[in-house]
>>> print(open('data.tsv').read())   # TSV, C-alpha atoms
chain	number	residue	atom	x	y	z
A	20	THR	CA	25.84	-65.12	-38.86
A	21	PRO	CA	24.68	-62.08	-37.15
A	22	GLY	CA	23.21	-62.40	-33.69
A	23	PRO	CA	19.57	-62.00	-32.82
A	24	ARG	CA	18.06	-58.91	-34.17
A	25	PRO	CA	16.90	-56.52	-31.45
A	26	GLY	CA	13.22	-55.65	-31.33
A	27	PRO	CA	11.89	-52.25	-32.21
A	28	ARG	CA	13.41	-49.44	-30.23
A	29	PRO	CA	11.00	-47.51	-28.09
A	30	ALA	CA	10.40	-44.00	-29.28
A	31	PRO	CA	12.13	-41.38	-27.17
A	32	PRO	CA	9.79	-39.56	-24.82
A	33	ARG	CA	8.22	-36.62	-26.55
A	34	ALA	CA	8.36	-33.33	-24.78
A	35	ASP	CA	5.16	-31.39	-24.68
A	36	ARG	CA	5.68	-28.53	-27.05
A	37	ASN	CA	4.70	-26.09	-24.29
A	38	SER	CA	7.14	-27.29	-21.68
A	39	ARG	CA	10.75	-26.62	-20.91
A	40	PRO	CA	12.92	-29.59	-20.09
A	41	GLY	CA	13.53	-30.16	-16.44
A	42	ASP	CA	11.31	-27.58	-14.80
A	43	GLY	CA	7.85	-29.12	-15.16
A	44	ARG	CA	6.31	-25.75	-16.01
A	45	PRO	CA	4.68	-24.78	-19.27
A	46	GLY	CA	6.69	-22.52	-21.49
A	47	PRO	CA	6.18	-20.77	-24.77
A	48	ALA	CA	5.44	-22.88	-27.81
A	49	ARG	CA	8.42	-23.42	-30.07
A	50	GLY	CA	8.52	-20.96	-32.87
A	51	GLY	CA	5.95	-18.77	-31.16
A	52	THR	CA	6.48	-15.33	-29.80
A	53	THR	CA	6.14	-14.26	-26.22
A	54	THR	CA	4.46	-10.95	-25.57
A	55	ALA	CA	5.05	-9.16	-22.31
A	56	VAL	CA	1.87	-7.93	-20.69
A	57	ALA	CA	2.07	-5.18	-18.11
A	58	PRO	CA	0.50	-6.30	-14.84
A	59	GLU	CA	-2.62	-4.51	-13.75
A	60	PRO	CA	-2.02	-2.12	-10.86
A	61	PRO	CA	-3.14	-3.56	-7.54
A	62	ARG	CA	-6.56	-2.47	-6.45
A	63	SER	CA	-7.27	-1.76	-2.84
A	64	SER	CA	-10.33	-3.37	-1.35
A	65	ALA	CA	-10.30	-0.95	1.56
A	66	GLN	CA	-13.54	0.68	2.61
A	67	ILE	CA	-13.51	4.46	2.33
A	68	GLN	CA	-15.14	6.61	4.95
A	69	LEU	CA	-15.39	10.40	5.00
A	70	VAL	CA	-15.46	12.29	8.28
A	71	GLU	CA	-16.66	15.80	7.52
A	72	THR	CA	-14.51	18.48	9.12
A	73	THR	CA	-12.85	21.76	8.30
A	74	GLU	CA	-9.30	22.05	7.09
A	75	ALA	CA	-8.33	23.73	10.37
A	76	ALA	CA	-9.81	20.89	12.45
A	77	ALA	CA	-8.71	17.97	10.24
A	78	VAL	CA	-5.79	16.87	12.44
A	79	THR	CA	-7.88	17.07	15.62
A	80	THR	CA	-10.63	15.07	13.90
A	81	ALA	CA	-8.05	12.53	12.72
A	82	ASP	CA	-6.74	12.18	16.30
A	83	GLU	CA	-10.28	11.66	17.60
A	84	THR	CA	-10.82	9.06	14.88
A	85	VAL	CA	-7.65	7.24	15.93
A	86	ASP	CA	-8.77	7.32	19.58
A	87	ARG	CA	-12.12	5.81	18.55
A	88	LEU	CA	-10.37	3.07	16.54
A	89	LEU	CA	-8.16	2.20	19.51
A	90	ASP	CA	-11.17	2.20	21.85
A	91	GLU	CA	-12.88	-0.24	19.45
A	92	GLY	CA	-9.94	-2.63	19.79
A	93	ARG	CA	-7.67	-1.71	16.88
A	94	ALA	CA	-4.00	-2.22	17.66
A	95	PRO	CA	-1.93	0.98	17.50
A	96	SER	CA	0.35	-0.74	14.98
A	97	ASP	CA	-2.65	-1.08	12.61
A	98	VAL	CA	-2.99	2.68	12.09
A	99	LEU	CA	-1.16	5.12	9.82
A	100	VAL	CA	-2.06	8.83	9.93
A	101	LEU	CA	-1.22	10.98	6.92
A	102	THR	CA	-1.53	14.76	6.60
A	103	THR	CA	-1.71	16.88	3.45
A	104	GLY	CA	-0.81	20.26	4.99
A	105	ASP	CA	1.39	20.84	8.01
A	106	PRO	CA	2.89	17.67	9.47
A	107	HIS	CA	1.08	16.05	12.37
A	108	PRO	CA	2.32	17.50	15.71
A	109	TRP	CA	3.53	14.02	16.76
A	110	ALA	CA	5.59	13.74	13.56
A	111	GLN	CA	7.05	17.24	14.10
A	112	HIS	CA	8.05	16.28	17.64
A	113	GLU	CA	9.57	12.94	16.63
A	114	LEU	CA	11.45	14.48	13.70
A	115	SER	CA	13.16	16.82	16.17
A	116	PHE	CA	15.15	13.73	17.26
A	117	GLY	CA	16.32	13.12	13.70
A	118	GLU	CA	15.00	11.42	10.58
A	119	ASP	CA	16.65	8.08	11.35
A	120	ALA	CA	14.95	7.77	14.74
A	121	TYR	CA	11.63	8.89	13.24
A	122	TRP	CA	11.61	6.35	10.39
A	123	ARG	CA	12.91	3.62	12.69
A	124	GLN	CA	9.67	3.95	14.68
A	125	GLN	CA	7.72	3.15	11.54
A	126	ALA	CA	9.92	0.13	10.85
A	127	GLU	CA	9.41	-1.13	14.40
A	128	GLY	CA	5.65	-0.84	13.84
A	129	ASP	CA	4.71	-0.79	17.50
A	130	ASP	CA	2.54	2.31	17.53
A	131	VAL	CA	0.37	4.61	15.45
A	132	PHE	CA	2.65	6.28	12.91
A	133	ALA	CA	2.09	9.74	11.43
A	134	ALA	CA	3.68	11.09	8.28
A	135	HIS	CA	3.12	13.71	5.63
A	136	ALA	CA	1.28	12.43	2.57
A	137	ALA	CA	4.16	13.60	0.37
A	138	SER	CA	6.35	10.95	2.02
A	139	VAL	CA	3.82	8.16	1.45
A	140	GLY	CA	6.38	6.37	-0.72
A	141	ARG	CA	8.47	5.77	2.39
A	142	THR	CA	5.61	4.59	4.57
A	143	ASP	CA	4.54	1.01	4.99
A	144	GLY	CA	0.94	0.05	4.42
A	145	ARG	CA	-1.26	-0.57	7.42
A	146	PRO	CA	-4.76	-1.98	7.81
A	147	VAL	CA	-6.20	1.47	8.56
A	148	VAL	CA	-5.05	4.77	7.09
A	149	VAL	CA	-6.45	8.03	8.40
A	150	LEU	CA	-5.89	10.92	5.97
A	151	ALA	CA	-6.19	14.40	7.48
A	152	VAL	CA	-6.81	16.92	4.69
A	153	ASN	CA	-5.40	19.85	6.64
A	154	GLY	CA	-4.09	21.92	3.74
A	155	GLY	CA	-1.99	21.49	0.67
A	156	THR	CA	-2.74	22.42	-2.90
A	157	ASP	CA	-5.54	20.76	-4.83
A	158	GLU	CA	-2.90	18.80	-6.78
A	159	GLU	CA	-1.25	17.59	-3.56
A	160	VAL	CA	-4.56	16.52	-2.05
A	161	ALA	CA	-5.65	14.85	-5.31
A	162	ALA	CA	-2.38	12.85	-5.32
A	163	ALA	CA	-2.67	12.00	-1.61
A	164	LEU	CA	-6.07	10.31	-1.95
A	165	PRO	CA	-5.07	7.36	-4.19
A	166	ALA	CA	-1.70	7.09	-2.45
A	167	ALA	CA	-3.42	6.77	0.94
A	168	LEU	CA	-5.88	4.25	-0.48
A	169	ALA	CA	-2.99	2.16	-1.80
A	170	LYS	CA	-1.50	2.04	1.72
A	171	ALA	CA	-4.81	1.08	3.39
A	172	GLY	CA	-5.42	-2.62	3.87
A	173	THR	CA	-9.03	-2.60	5.04
A	174	GLN	CA	-10.07	0.99	5.70
A	175	LEU	CA	-9.27	4.52	4.57
A	176	ILE	CA	-10.78	7.27	6.68
A	177	VAL	CA	-10.55	10.73	5.14
A	178	CYS	CA	-11.00	13.70	7.46
A	179	GLY	CA	-11.76	16.78	5.39
A	180	GLU	CA	-14.23	19.00	3.63
A	181	ALA	CA	-16.57	16.89	1.52
A	182	GLY	CA	-17.13	19.61	-1.08
A	183	ARG	CA	-13.43	20.02	-1.77
A	184	LEU	CA	-12.84	16.27	-1.92
A	185	ARG	CA	-15.74	15.69	-4.31
A	186	ALA	CA	-14.42	18.44	-6.60
A	187	LEU	CA	-10.97	16.82	-6.64
A	188	LEU	CA	-12.31	13.35	-7.37
>>> encode(input="data.tsv", output="structure tokens")
Amino acid sequence: TPGPRPGPRPAPPRADRNSRPGDGRPGPARGGTTTAVAPEPPRSSAQIQLVETTEAAAVTTADETVDRLLDEGRAPSDVLVLTTGDPHPWAQHELSFGEDAYWRQQAEGDDVFAAHAASVGRTDGRPVVVLAVNGGTDEEVAAALPAALAKAGTQLIVCGEAGRLRALL
């Protein structure tokens, strides 16, 4: 005679149809399709301030703005200065020691750093960006504005001619 008949077998655990085994995270439904969605570009929440000045005085105005920021308690490492025309005199001086030494100063992040807006792709973001509109073509200035805003954490200060900037925006 056969032995005792075993009771009903428990049903195997059912996997949620939206999960992948072993990782505990939801996944695509079986048989469904996954559609890639391009992420939205990051939006800066930085405040924008315009300091009216002439193209010829934009770098001097930017320097005065940096001095004011430092006097108000901003750390030098919080500030990035960008120019649209000729490079900032500090950047010209530092570049005379070579590109490696110049960019190393940015990486060290101990002081205010100045760069040309065209090299904004190589610069790190900082809480405050001061953009001196001291020349450049309309296209260059128009490209520098959103690039500077993207680098600014809390504040973008634009030193330039309001009429020109409004026309470009």
>>> residues_near_point(input="data.tsv", point="(-7.1, 12.3, 17.1)", cutoff="12 Å", atoms="all atoms listed in the file", output="mmCIF file with C-alpha atoms, in the coordinates of the input")
data_model
loop_
_atom_site.group_PDB
_atom_site.id
_atom_site.type_symbol
_atom_site.label_atom_id
_atom_site.label_comp_id
_atom_site.auth_asym_id
_atom_site.auth_seq_id
_atom_site.Cartn_x
_atom_site.Cartn_y
_atom_site.Cartn_z
ATOM 1 C CA ALA A 76 -9.810 20.890 12.450
ATOM 2 C CA ALA A 77 -8.710 17.970 10.240
ATOM 3 C CA VAL A 78 -5.790 16.870 12.440
ATOM 4 C CA THR A 79 -7.880 17.070 15.620
ATOM 5 C CA THR A 80 -10.630 15.070 13.900
ATOM 6 C CA ALA A 81 -8.050 12.530 12.720
ATOM 7 C CA ASP A 82 -6.740 12.180 16.300
ATOM 8 C CA GLU A 83 -10.280 11.660 17.600
ATOM 9 C CA THR A 84 -10.820 9.060 14.880
ATOM 10 C CA VAL A 85 -7.650 7.240 15.930
ATOM 11 C CA ASP A 86 -8.770 7.320 19.580
ATOM 12 C CA ARG A 87 -12.120 5.810 18.550
ATOM 13 C CA LEU A 88 -10.370 3.070 16.540
ATOM 14 C CA LEU A 89 -8.160 2.200 19.510
ATOM 15 C CA ASP A 90 -11.170 2.200 21.850
ATOM 16 C CA VAL A 98 -2.990 2.680 12.090
ATOM 17 C CA LEU A 99 -1.160 5.120 9.820
ATOM 18 C CA VAL A 100 -2.060 8.830 9.930
ATOM 19 C CA LEU A 101 -1.220 10.980 6.920
ATOM 20 C CA HIS A 107 1.080 16.050 12.370
ATOM 21 C CA PRO A 108 2.320 17.500 15.710
ATOM 22 C CA TRP A 109 3.530 14.020 16.760
ATOM 23 C CA VAL A 131 0.370 4.610 15.450
ATOM 24 C CA ALA A 133 2.090 9.740 11.430
ATOM 25 C CA VAL A 149 -6.450 8.030 8.400
ATOM 26 C CA LEU A 150 -5.890 10.920 5.970
ATOM 27 C CA ALA A 151 -6.190 14.400 7.480
ATOM 28 C CA CYS A 178 -11.000 13.700 7.460
#
>>> closest_atom_pairs(input="data.tsv", of="region 80-146 of chain A", to="region 159-168 of chain A", cutoff="10 Å", atoms="only C-alpha atoms", output="tab-separated table")
residue	atom	partner	partner_atom	distance
A:Leu99	CA	A:Ala167	CA	9.3
A:Val100	CA	A:Ala167	CA	9.3
A:Leu101	CA	A:Ala167	CA	7.6
A:Thr102	CA	A:Ala163	CA	8.7
A:Thr103	CA	A:Val160	CA	6.2
A:Gly104	CA	A:Val160	CA	8.8
A:His135	CA	A:Ala163	CA	9.4
A:Ala136	CA	A:Ala163	CA	5.8
A:Ala137	CA	A:Ala163	CA	7.3
A:Ser138	CA	A:Ala163	CA	9.8
A:Val139	CA	A:Ala166	CA	6.8
A:Gly140	CA	A:Ala166	CA	8.3
A:Thr142	CA	A:Ala167	CA	10.0
A:Gly144	CA	A:Ala167	CA	8.7
>>> residues_near_point(input="data.tsv", point="(-10.0, -2.2, 2.7)", cutoff="6 Å", atoms="all atoms listed in the file", output="list in words")
Ser64, Ala65, Gln66, Gly172, Thr173 and Gln174 of chain A
>>> residues_around(input="data.tsv", residues="Gln124 (chain A)", least_positions_apart="5", cutoff="12 Å", atoms="only C-alpha atoms", output="list of chain:residue names")
A:Ser96, A:Leu99, A:Trp109, A:Ala110, A:Glu113, A:Leu114, A:Phe116, A:Gly117, A:Glu118, A:Asp119, A:Asp129, A:Asp130, A:Val131, A:Phe132, A:Ala133, A:Ala134, A:Thr142, A:Asp143
>>> atom_distance(input="data.tsv", atom1="CA of Leu69 (chain A)", atom2="CA of Leu175 (chain A)")
8.5 Å
>>> residues_around(input="data.tsv", residues="Gly179 (chain A)", least_positions_apart="2", cutoff="8 Å", atoms="all atoms listed in the file", output="MDAnalysis selection string")
chainID A and resid 69:74 77 151:153 177 181 184
>>> atom_distance(input="data.tsv", atom1="CA of Arg141 (chain A)", atom2="CA of Gln125 (chain A)")
9.5 Å
>>> atom_distance(input="data.tsv", atom1="CA of Arg145 (chain A)", atom2="CA of Ala120 (chain A)")
19.6 Å
>>> closest_residue(input="data.tsv", among="A:Asp97, A:Glu158, A:Glu180, A:Glu91", to="Gly128 (chain A)", atoms="all atoms listed in the file")
A:Asp97
